[in-house]
$ cat target.txt   # compact mmCIF, N, CA and C atoms
# COMPACT_ATOMS: atom_id res chain seq x y z
N GLN A 93 20.11 14.34 63.12
CA GLN A 93 18.89 13.54 63.22
C GLN A 93 18.43 13.16 61.83
N LEU A 94 18.18 11.87 61.65
CA LEU A 94 17.73 11.41 60.35
C LEU A 94 16.29 11.84 60.13
N GLN A 95 16.03 12.39 58.97
CA GLN A 95 14.67 12.80 58.65
C GLN A 95 14.37 12.51 57.19
N LEU A 96 13.17 11.98 56.96
CA LEU A 96 12.69 11.74 55.61
C LEU A 96 11.38 12.50 55.43
N VAL A 97 11.25 13.17 54.30
CA VAL A 97 10.04 13.93 54.02
C VAL A 97 9.52 13.57 52.65
N GLU A 98 8.29 13.08 52.61
CA GLU A 98 7.65 12.73 51.35
C GLU A 98 6.88 13.93 50.80
N SER A 99 6.78 13.97 49.49
CA SER A 99 5.97 14.99 48.83
C SER A 99 5.48 14.44 47.50
N GLY A 100 4.54 15.16 46.91
CA GLY A 100 4.07 14.80 45.58
C GLY A 100 2.72 14.11 45.53
N GLY A 101 2.15 13.84 46.70
CA GLY A 101 0.83 13.22 46.71
C GLY A 101 -0.25 14.17 46.22
N GLY A 102 -1.43 13.62 46.01
CA GLY A 102 -2.54 14.46 45.56
C GLY A 102 -3.69 13.63 45.07
N LEU A 103 -4.62 14.31 44.42
CA LEU A 103 -5.81 13.67 43.86
C LEU A 103 -5.62 13.51 42.35
N VAL A 104 -5.86 12.32 41.87
CA VAL A 104 -5.69 12.05 40.44
C VAL A 104 -6.78 11.09 39.99
N GLN A 105 -7.16 11.20 38.74
CA GLN A 105 -8.16 10.29 38.19
C GLN A 105 -7.54 8.94 37.87
N PRO A 106 -8.35 7.91 37.85
CA PRO A 106 -7.83 6.60 37.43
C PRO A 106 -7.16 6.69 36.06
N GLY A 107 -6.02 6.03 35.96
CA GLY A 107 -5.24 6.11 34.73
C GLY A 107 -4.22 7.23 34.73
N GLY A 108 -4.30 8.11 35.71
CA GLY A 108 -3.38 9.23 35.78
C GLY A 108 -2.06 8.86 36.41
N SER A 109 -1.21 9.87 36.59
CA SER A 109 0.13 9.67 37.12
C SER A 109 0.44 10.65 38.23
N LEU A 110 1.30 10.22 39.12
CA LEU A 110 1.87 11.08 40.15
C LEU A 110 3.33 10.69 40.32
N ARG A 111 4.10 11.65 40.78
CA ARG A 111 5.51 11.37 41.10
C ARG A 111 5.74 11.77 42.55
N LEU A 112 6.01 10.78 43.38
CA LEU A 112 6.32 11.03 44.78
C LEU A 112 7.82 11.21 44.93
N SER A 113 8.18 12.03 45.90
CA SER A 113 9.59 12.25 46.18
C SER A 113 9.84 12.09 47.67
N CYS A 114 10.97 11.51 47.98
CA CYS A 114 11.39 11.33 49.37
C CYS A 114 12.73 12.04 49.53
N ALA A 115 12.74 13.06 50.36
CA ALA A 115 13.96 13.85 50.57
C ALA A 115 14.53 13.55 51.95
N ALA A 116 15.82 13.33 51.99
CA ALA A 116 16.50 13.01 53.24
C ALA A 116 17.28 14.20 53.76
N SER A 117 17.29 14.33 55.07
CA SER A 117 18.13 15.35 55.70
C SER A 117 18.75 14.73 56.94
N GLY A 118 19.91 15.25 57.29
CA GLY A 118 20.60 14.72 58.47
C GLY A 118 21.47 13.52 58.16
N PHE A 119 21.39 13.01 56.94
CA PHE A 119 22.25 11.90 56.54
C PHE A 119 22.26 11.85 55.02
N THR A 120 23.21 11.13 54.49
CA THR A 120 23.28 10.96 53.04
C THR A 120 22.71 9.59 52.68
N LEU A 121 21.95 9.58 51.61
CA LEU A 121 21.22 8.37 51.24
C LEU A 121 22.09 7.27 50.63
N ASP A 122 23.31 7.60 50.25
CA ASP A 122 24.06 6.64 49.44
C ASP A 122 24.41 5.36 50.18
N LEU A 123 24.28 5.34 51.51
CA LEU A 123 24.55 4.11 52.25
C LEU A 123 23.26 3.39 52.67
N TYR A 124 22.13 3.85 52.14
CA TYR A 124 20.84 3.35 52.59
C TYR A 124 20.03 2.76 51.45
N ALA A 125 19.36 1.65 51.75
CA ALA A 125 18.29 1.19 50.88
C ALA A 125 17.03 1.96 51.27
N ILE A 126 16.23 2.30 50.27
CA ILE A 126 15.02 3.08 50.49
C ILE A 126 13.82 2.32 49.93
N ALA A 127 12.78 2.28 50.70
CA ALA A 127 11.57 1.61 50.25
C ALA A 127 10.36 2.53 50.38
N TRP A 128 9.36 2.25 49.58
CA TRP A 128 8.07 2.93 49.66
C TRP A 128 7.03 1.93 50.15
N PHE A 129 6.18 2.41 51.05
CA PHE A 129 5.13 1.58 51.62
C PHE A 129 3.78 2.26 51.45
N HIS A 130 2.76 1.44 51.35
CA HIS A 130 1.39 1.93 51.11
C HIS A 130 0.50 1.50 52.27
N GLN A 131 -0.18 2.49 52.86
CA GLN A 131 -1.18 2.21 53.89
C GLN A 131 -2.54 2.51 53.29
N ALA A 132 -3.30 1.46 53.02
CA ALA A 132 -4.62 1.63 52.41
C ALA A 132 -5.60 2.22 53.42
N PRO A 133 -6.64 2.88 52.93
CA PRO A 133 -7.65 3.45 53.84
C PRO A 133 -8.25 2.38 54.73
N GLY A 134 -8.41 2.68 56.00
CA GLY A 134 -9.00 1.74 56.94
C GLY A 134 -8.03 0.72 57.49
N LYS A 135 -6.84 0.67 56.95
CA LYS A 135 -5.84 -0.28 57.44
C LYS A 135 -4.98 0.38 58.50
N GLU A 136 -4.54 -0.43 59.45
CA GLU A 136 -3.65 0.07 60.49
C GLU A 136 -2.25 0.25 59.93
N ARG A 137 -1.47 1.09 60.61
CA ARG A 137 -0.09 1.32 60.19
C ARG A 137 0.68 -0.01 60.14
N GLU A 138 0.34 -0.92 61.02
CA GLU A 138 1.05 -2.20 61.06
C GLU A 138 0.76 -3.06 59.83
N ASP A 139 -0.31 -2.71 59.10
CA ASP A 139 -0.70 -3.51 57.94
C ASP A 139 -0.23 -2.89 56.62
N ILE A 140 0.70 -1.96 56.71
CA ILE A 140 1.17 -1.35 55.48
C ILE A 140 1.86 -2.39 54.61
N GLU A 141 1.86 -2.12 53.34
CA GLU A 141 2.44 -3.04 52.36
C GLU A 141 3.61 -2.39 51.64
N GLY A 142 4.64 -3.14 51.47
CA GLY A 142 5.77 -2.66 50.69
C GLY A 142 5.39 -2.55 49.24
N VAL A 143 5.75 -1.44 48.63
CA VAL A 143 5.41 -1.18 47.23
C VAL A 143 6.65 -1.32 46.34
N SER A 144 7.73 -0.71 46.78
CA SER A 144 8.94 -0.74 45.97
C SER A 144 10.14 -0.47 46.86
N CYS A 145 11.28 -1.00 46.44
CA CYS A 145 12.52 -0.78 47.17
C CYS A 145 13.65 -0.56 46.16
N ILE A 146 14.55 0.36 46.53
CA ILE A 146 15.72 0.59 45.68
C ILE A 146 16.96 0.47 46.55
N SER A 147 17.92 -0.27 46.07
CA SER A 147 19.13 -0.53 46.82
C SER A 147 20.08 0.66 46.79
N ARG A 148 21.14 0.55 47.54
CA ARG A 148 22.14 1.63 47.57
C ARG A 148 22.64 1.95 46.17
N SER A 149 22.87 0.92 45.39
CA SER A 149 23.42 1.12 44.05
C SER A 149 22.38 1.49 43.03
N GLY A 150 21.10 1.30 43.36
CA GLY A 150 20.04 1.54 42.40
C GLY A 150 19.76 0.34 41.49
N ARG A 151 20.59 -0.68 41.64
CA ARG A 151 20.41 -1.87 40.82
C ARG A 151 19.33 -2.77 41.41
N LEU A 152 18.71 -3.56 40.54
CA LEU A 152 17.74 -4.59 40.94
C LEU A 152 16.64 -4.05 41.85
N PRO A 153 15.93 -3.01 41.46
CA PRO A 153 14.81 -2.54 42.28
C PRO A 153 13.76 -3.62 42.42
N VAL A 154 13.05 -3.56 43.51
CA VAL A 154 12.03 -4.55 43.83
C VAL A 154 10.66 -3.88 43.80
N TYR A 155 9.68 -4.59 43.25
CA TYR A 155 8.31 -4.07 43.18
C TYR A 155 7.33 -5.12 43.66
N ALA A 156 6.27 -4.65 44.30
CA ALA A 156 5.16 -5.54 44.61
C ALA A 156 4.46 -5.92 43.31
N ASP A 157 3.87 -7.09 43.29
CA ASP A 157 3.18 -7.56 42.08
C ASP A 157 2.10 -6.57 41.65
N SER A 158 1.46 -5.93 42.61
CA SER A 158 0.34 -5.05 42.31
C SER A 158 0.75 -3.79 41.56
N VAL A 159 2.04 -3.44 41.61
CA VAL A 159 2.48 -2.20 40.96
C VAL A 159 3.50 -2.45 39.86
N GLN A 160 3.92 -3.71 39.71
CA GLN A 160 4.91 -4.04 38.69
C GLN A 160 4.44 -3.56 37.32
N GLY A 161 5.32 -2.85 36.63
CA GLY A 161 4.98 -2.36 35.31
C GLY A 161 4.30 -1.01 35.32
N ARG A 162 3.87 -0.54 36.47
CA ARG A 162 3.21 0.75 36.58
C ARG A 162 4.02 1.77 37.36
N PHE A 163 4.75 1.30 38.36
CA PHE A 163 5.55 2.18 39.21
C PHE A 163 7.03 1.98 38.90
N THR A 164 7.77 3.07 39.01
CA THR A 164 9.21 3.02 38.82
C THR A 164 9.89 3.83 39.92
N VAL A 165 10.82 3.19 40.60
CA VAL A 165 11.56 3.86 41.67
C VAL A 165 12.93 4.26 41.14
N SER A 166 13.39 5.42 41.58
CA SER A 166 14.71 5.89 41.15
C SER A 166 15.32 6.69 42.29
N ARG A 167 16.62 6.86 42.23
CA ARG A 167 17.28 7.62 43.27
C ARG A 167 18.31 8.56 42.66
N ASP A 168 18.51 9.68 43.34
CA ASP A 168 19.52 10.65 42.95
C ASP A 168 20.32 10.95 44.21
N ASN A 169 21.42 10.25 44.38
CA ASN A 169 22.19 10.41 45.61
C ASN A 169 22.79 11.82 45.72
N ALA A 170 23.04 12.44 44.62
CA ALA A 170 23.58 13.80 44.65
C ALA A 170 22.56 14.78 45.24
N LYS A 171 21.29 14.54 44.95
CA LYS A 171 20.22 15.39 45.47
C LYS A 171 19.65 14.84 46.78
N ASN A 172 20.11 13.64 47.16
CA ASN A 172 19.62 13.01 48.39
C ASN A 172 18.12 12.74 48.35
N THR A 173 17.66 12.28 47.19
CA THR A 173 16.23 12.02 47.02
C THR A 173 16.00 10.67 46.36
N VAL A 174 14.83 10.12 46.63
CA VAL A 174 14.35 8.92 45.96
C VAL A 174 12.94 9.23 45.47
N ASP A 175 12.68 8.94 44.22
CA ASP A 175 11.38 9.21 43.63
C ASP A 175 10.64 7.93 43.31
N LEU A 176 9.33 8.03 43.30
CA LEU A 176 8.47 6.93 42.88
C LEU A 176 7.52 7.47 41.82
N GLN A 177 7.76 7.08 40.59
CA GLN A 177 6.89 7.46 39.49
C GLN A 177 5.74 6.46 39.43
N MET A 178 4.52 6.98 39.54
CA MET A 178 3.34 6.13 39.61
C MET A 178 2.49 6.42 38.38
N ASN A 179 2.39 5.45 37.49
CA ASN A 179 1.60 5.59 36.28
C ASN A 179 0.39 4.66 36.31
N ASN A 180 -0.57 4.96 35.44
CA ASN A 180 -1.78 4.14 35.33
C ASN A 180 -2.36 3.84 36.71
N LEU A 181 -2.56 4.87 37.48
CA LEU A 181 -3.03 4.71 38.85
C LEU A 181 -4.43 4.14 38.90
N LYS A 182 -4.67 3.34 39.91
CA LYS A 182 -5.97 2.69 40.11
C LYS A 182 -6.55 3.12 41.45
N PRO A 183 -7.86 3.03 41.61
CA PRO A 183 -8.46 3.41 42.89
C PRO A 183 -7.86 2.67 44.08
N GLU A 184 -7.44 1.44 43.87
CA GLU A 184 -6.86 0.67 44.98
C GLU A 184 -5.46 1.16 45.36
N ASP A 185 -4.90 2.07 44.59
CA ASP A 185 -3.62 2.69 44.96
C ASP A 185 -3.81 3.81 45.98
N THR A 186 -5.04 4.16 46.25
CA THR A 186 -5.33 5.22 47.21
C THR A 186 -4.78 4.89 48.59
N GLY A 187 -4.26 5.90 49.25
CA GLY A 187 -3.77 5.71 50.61
C GLY A 187 -2.58 6.59 50.91
N LEU A 188 -2.03 6.36 52.09
CA LEU A 188 -0.82 7.06 52.50
C LEU A 188 0.40 6.30 51.99
N TYR A 189 1.36 7.06 51.49
CA TYR A 189 2.61 6.47 51.02
C TYR A 189 3.76 6.99 51.89
N TYR A 190 4.50 6.06 52.42
CA TYR A 190 5.64 6.38 53.27
C TYR A 190 6.93 5.94 52.59
N CYS A 191 7.98 6.73 52.76
CA CYS A 191 9.29 6.22 52.41
C CYS A 191 10.03 5.88 53.69
N ALA A 192 10.92 4.92 53.58
CA ALA A 192 11.65 4.44 54.74
C ALA A 192 13.06 4.09 54.34
N ALA A 193 13.98 4.19 55.28
CA ALA A 193 15.39 3.97 54.98
C ALA A 193 16.01 3.00 55.98
N VAL A 194 16.97 2.24 55.50
CA VAL A 194 17.78 1.40 56.38
C VAL A 194 19.19 1.36 55.82
N LYS A 195 20.15 1.48 56.72
CA LYS A 195 21.55 1.44 56.30
C LYS A 195 21.92 0.00 55.97
N THR A 196 22.57 -0.21 54.85
CA THR A 196 22.90 -1.56 54.44
C THR A 196 24.39 -1.66 54.14
N SER A 197 24.90 -2.87 54.30
CA SER A 197 26.31 -3.10 54.05
C SER A 197 26.58 -3.58 52.63
N THR A 198 25.51 -3.98 51.95
CA THR A 198 25.67 -4.45 50.58
C THR A 198 24.98 -3.49 49.62
N SER A 199 25.50 -3.41 48.43
CA SER A 199 25.02 -2.40 47.49
C SER A 199 23.74 -2.77 46.78
N ILE A 200 23.36 -4.07 46.79
CA ILE A 200 22.18 -4.48 46.04
C ILE A 200 21.06 -5.01 46.92
N TRP A 201 21.24 -4.97 48.23
CA TRP A 201 20.21 -5.50 49.13
C TRP A 201 18.97 -4.62 49.09
N CYS A 202 17.81 -5.28 49.09
CA CYS A 202 16.55 -4.57 49.13
C CYS A 202 15.46 -5.52 49.60
N THR A 203 14.41 -4.98 50.17
CA THR A 203 13.30 -5.81 50.64
C THR A 203 12.03 -4.98 50.71
N LEU A 204 10.91 -5.65 50.65
CA LEU A 204 9.63 -4.98 50.86
C LEU A 204 9.10 -5.28 52.27
N GLY A 205 9.93 -5.89 53.07
CA GLY A 205 9.53 -6.22 54.43
C GLY A 205 9.79 -5.08 55.40
N PRO A 206 9.41 -5.27 56.66
CA PRO A 206 9.48 -4.20 57.67
C PRO A 206 10.85 -4.08 58.32
N ASP A 207 11.90 -3.96 57.50
CA ASP A 207 13.26 -3.94 58.03
C ASP A 207 13.84 -2.55 58.11
N PHE A 208 12.99 -1.54 58.01
CA PHE A 208 13.46 -0.17 57.89
C PHE A 208 13.27 0.56 59.20
N ASP A 209 14.25 1.39 59.56
CA ASP A 209 14.19 2.00 60.88
C ASP A 209 14.02 3.51 60.87
N SER A 210 14.01 4.12 59.71
CA SER A 210 13.72 5.55 59.61
C SER A 210 12.57 5.75 58.65
N TRP A 211 11.57 6.48 59.09
CA TRP A 211 10.35 6.62 58.30
C TRP A 211 9.97 8.09 58.16
N GLY A 212 9.35 8.40 57.03
CA GLY A 212 8.76 9.72 56.86
C GLY A 212 7.36 9.75 57.43
N GLN A 213 6.70 10.90 57.28
CA GLN A 213 5.36 11.09 57.81
C GLN A 213 4.27 10.70 56.82
N GLY A 214 4.64 10.47 55.59
CA GLY A 214 3.66 10.02 54.60
C GLY A 214 3.10 11.14 53.76
N THR A 215 2.66 10.77 52.57
CA THR A 215 1.96 11.70 51.68
C THR A 215 0.73 10.98 51.13
N GLN A 216 -0.37 11.71 51.04
CA GLN A 216 -1.65 11.11 50.66
C GLN A 216 -1.81 11.07 49.15
N VAL A 217 -2.20 9.91 48.67
CA VAL A 217 -2.53 9.73 47.26
C VAL A 217 -3.99 9.29 47.19
N THR A 218 -4.78 9.99 46.40
CA THR A 218 -6.17 9.63 46.21
C THR A 218 -6.44 9.48 44.73
N VAL A 219 -6.89 8.29 44.35
CA VAL A 219 -7.20 8.01 42.95
C VAL A 219 -8.71 7.84 42.85
N SER A 220 -9.34 8.80 42.23
CA SER A 220 -10.80 8.80 42.18
C SER A 220 -11.27 9.64 41.00
N SER A 221 -12.40 9.21 40.43
CA SER A 221 -12.99 10.01 39.36
C SER A 221 -14.05 10.96 39.92

$ encode --input "target.txt" --output "structure tokens"
Amino acid sequence: QLQLVESGGGLVQPGGSLRLSCAASGFTLDLYAIAWFHQAPGKEREDIEGVSCISRSGRLPVYADSVQGRFTVSRDNAKNTVDLQMNNLKPEDTGLYYCAAVKTSTSIWCTLGPDFDSWGQGTQVTVSS
């Protein structure tokens, strides 16, 4: 059974940093593109926004405009994990962060759209002074 588990969320002041991690079990990540999604407070799960995506190869990661230059996604296929380094956090970054996976046939494919079929339970990030 495919399972994704997020960790690393917490409370941080504006300008601070967090590192989220997505750990996979039941499958190996090397055939999957992995994306991170953000559900802002008060928004429905259907309104989540793609934050970042990393392809099977790790090449050409994709970022939402709102996080470009602040967030960095990386993957370690040997450890079966994908991390999201979040720097210079802002209050509007607050919310639940989900990682999601989809098996892809190409090594550089990635998207911030809702094309992912395996999801984690989310980890809470709160940016507040």

$ closest_residue --input "target.txt" --among "A:Leu181, A:Glu141, A:Pro106, A:Gly101" --to "A:Tyr155" --atoms "only C-alpha atoms"
A:Glu141

$ closest_residue --input "target.txt" --among "A:Cys202, A:Ser221, A:Ser117, A:Leu112" --to "A:Leu152" --atoms "all atoms listed in the file"
A:Cys202

$ atom_distance --input "target.txt" --atom1 "atom C of A:Arg148" --atom2 "atom N of A:Asn179"
22.3 Å

$ closest_residue --input "target.txt" --among "A:Thr215, A:Leu204, A:Thr196, A:Pro183" --to "A:Gly107" --atoms "only C-alpha atoms"
A:Pro183

$ residues_near_point --input "target.txt" --point "(17.6, 10.1, 56.7)" --cutoff "8 Å" --atoms "only C-alpha atoms" --output "list in words"
Gln93, Leu94, Gln95, Leu96, Ala116, Ser117, Gly118, Phe119, Thr120, Leu121, Ala193 and Ser210 of chain A

$ residues_around --input "target.txt" --residues "A:Thr186" --least-positions-apart "3" --cutoff "8 Å" --atoms "all atoms listed in the file" --output "list in words"
His130, Gln131, Ala132, Pro133, Leu181, Lys182, Pro183, Tyr189, Gln216, Val217, Thr218, Val219 and Ser220 of chain A

$ select_by_dssp --input "target.txt" --residues "chain A" --states "strand (DSSP E)" --output "PyMOL selection string"
chain A and resi 95-99+102-104+110-117+124-131+141-146+154-155+163-168+173-178+187-195+210-211+215-219

$ axis_aligned_box --input "target.txt" --around "stretch 170-185 of chain A" --padding-each-side "5 Å" --output "AutoDock Vina command-line options"
--center_x 7.6 --center_y 8.0 --center_z 41.9 --size_x 42.0 --size_y 24.7 --size_z 23.1

$ residues_near_point --input "target.txt" --point "(13.0, -3.8, 53.8)" --cutoff "8 Å" --atoms "only C-alpha atoms" --output "VMD selection string"
chain A and resid 125 to 127 142 145 194 202 to 208

$ atom_distance --input "target.txt" --atom1 "atom C of A:Gln213" --atom2 "atom N of A:Val174"
14.7 Å

$ closest_residue --input "target.txt" --among "A:Glu184, A:Asp168, A:Arg137, A:Ala156" --to "A:Gln105" --atoms "only C-alpha atoms"
A:Glu184

$ decode --input "target.txt" --residues "stretch 123-136 of chain A" --atoms "N, CA, C and O atoms" --output "PDB file, in the first residue's frame"
ATOM      1  N   LEU A 123      10.282   6.360  -9.330  1.00  0.00           N
ATOM      2  CA  LEU A 123       9.452   6.385 -10.534  1.00  0.00           C
ATOM      3  C   LEU A 123       8.328   7.418 -10.438  1.00  0.00           C
ATOM      4  O   LEU A 123       7.450   7.446 -11.293  1.00  0.00           O
ATOM      5  N   TYR A 124       8.384   8.262  -9.411  1.00  0.00           N
ATOM      6  CA  TYR A 124       7.283   9.172  -9.138  1.00  0.00           C
ATOM      7  C   TYR A 124       7.734  10.621  -9.130  1.00  0.00           C
ATOM      8  O   TYR A 124       8.804  10.960  -8.614  1.00  0.00           O
ATOM      9  N   ALA A 125       6.886  11.478  -9.696  1.00  0.00           N
ATOM     10  CA  ALA A 125       7.014  12.905  -9.451  1.00  0.00           C
ATOM     11  C   ALA A 125       6.316  13.206  -8.127  1.00  0.00           C
ATOM     12  O   ALA A 125       5.269  12.625  -7.819  1.00  0.00           O
ATOM     13  N   ILE A 126       6.890  14.118  -7.367  1.00  0.00           N
ATOM     14  CA  ILE A 126       6.359  14.464  -6.058  1.00  0.00           C
ATOM     15  C   ILE A 126       6.092  15.969  -6.001  1.00  0.00           C
ATOM     16  O   ILE A 126       6.942  16.769  -6.431  1.00  0.00           O
ATOM     17  N   ALA A 127       4.950  16.315  -5.489  1.00  0.00           N
ATOM     18  CA  ALA A 127       4.612  17.727  -5.362  1.00  0.00           C
ATOM     19  C   ALA A 127       4.193  18.050  -3.935  1.00  0.00           C
ATOM     20  O   ALA A 127       3.761  17.165  -3.185  1.00  0.00           O
ATOM     21  N   TRP A 128       4.343  19.300  -3.588  1.00  0.00           N
ATOM     22  CA  TRP A 128       3.867  19.827  -2.312  1.00  0.00           C
ATOM     23  C   TRP A 128       2.720  20.787  -2.585  1.00  0.00           C
ATOM     24  O   TRP A 128       2.800  21.617  -3.496  1.00  0.00           O
ATOM     25  N   PHE A 129       1.693  20.675  -1.748  1.00  0.00           N
ATOM     26  CA  PHE A 129       0.508  21.520  -1.884  1.00  0.00           C
ATOM     27  C   PHE A 129       0.222  22.223  -0.567  1.00  0.00           C
ATOM     28  O   PHE A 129       0.515  21.704   0.506  1.00  0.00           O
ATOM     29  N   HIS A 130      -0.376  23.384  -0.675  1.00  0.00           N
ATOM     30  CA  HIS A 130      -0.664  24.227   0.491  1.00  0.00           C
ATOM     31  C   HIS A 130      -2.170  24.455   0.580  1.00  0.00           C
ATOM     32  O   HIS A 130      -2.795  24.912  -0.394  1.00  0.00           O
ATOM     33  N   GLN A 131      -2.719  24.141   1.755  1.00  0.00           N
ATOM     34  CA  GLN A 131      -4.121  24.437   2.035  1.00  0.00           C
ATOM     35  C   GLN A 131      -4.154  25.554   3.067  1.00  0.00           C
ATOM     36  O   GLN A 131      -3.822  25.352   4.237  1.00  0.00           O
ATOM     37  N   ALA A 132      -4.543  26.742   2.617  1.00  0.00           N
ATOM     38  CA  ALA A 132      -4.580  27.893   3.511  1.00  0.00           C
ATOM     39  C   ALA A 132      -5.731  27.765   4.511  1.00  0.00           C
ATOM     40  O   ALA A 132      -6.730  27.095   4.225  1.00  0.00           O
ATOM     41  N   PRO A 133      -5.617  28.426   5.653  1.00  0.00           N
ATOM     42  CA  PRO A 133      -6.700  28.379   6.647  1.00  0.00           C
ATOM     43  C   PRO A 133      -8.009  28.860   6.051  1.00  0.00           C
ATOM     44  O   PRO A 133      -8.058  29.866   5.335  1.00  0.00           O
ATOM     45  N   GLY A 134      -9.084  28.151   6.342  1.00  0.00           N
ATOM     46  CA  GLY A 134     -10.395  28.533   5.848  1.00  0.00           C
ATOM     47  C   GLY A 134     -10.694  28.070   4.439  1.00  0.00           C
ATOM     48  O   GLY A 134     -11.821  28.220   3.968  1.00  0.00           O
ATOM     49  N   LYS A 135      -9.706  27.543   3.760  1.00  0.00           N
ATOM     50  CA  LYS A 135      -9.919  27.054   2.398  1.00  0.00           C
ATOM     51  C   LYS A 135     -10.259  25.575   2.424  1.00  0.00           C
ATOM     52  O   LYS A 135      -9.791  24.820   3.279  1.00  0.00           O
ATOM     53  N   GLU A 136     -11.074  25.169   1.475  1.00  0.00           N
ATOM     54  CA  GLU A 136     -11.428  23.764   1.356  1.00  0.00           C
ATOM     55  C   GLU A 136     -10.266  22.988   0.753  1.00  0.00           C
ATOM     56  O   GLU A 136      -9.408  23.564   0.052  1.00  0.00           O
TER      57      GLU A 136
END
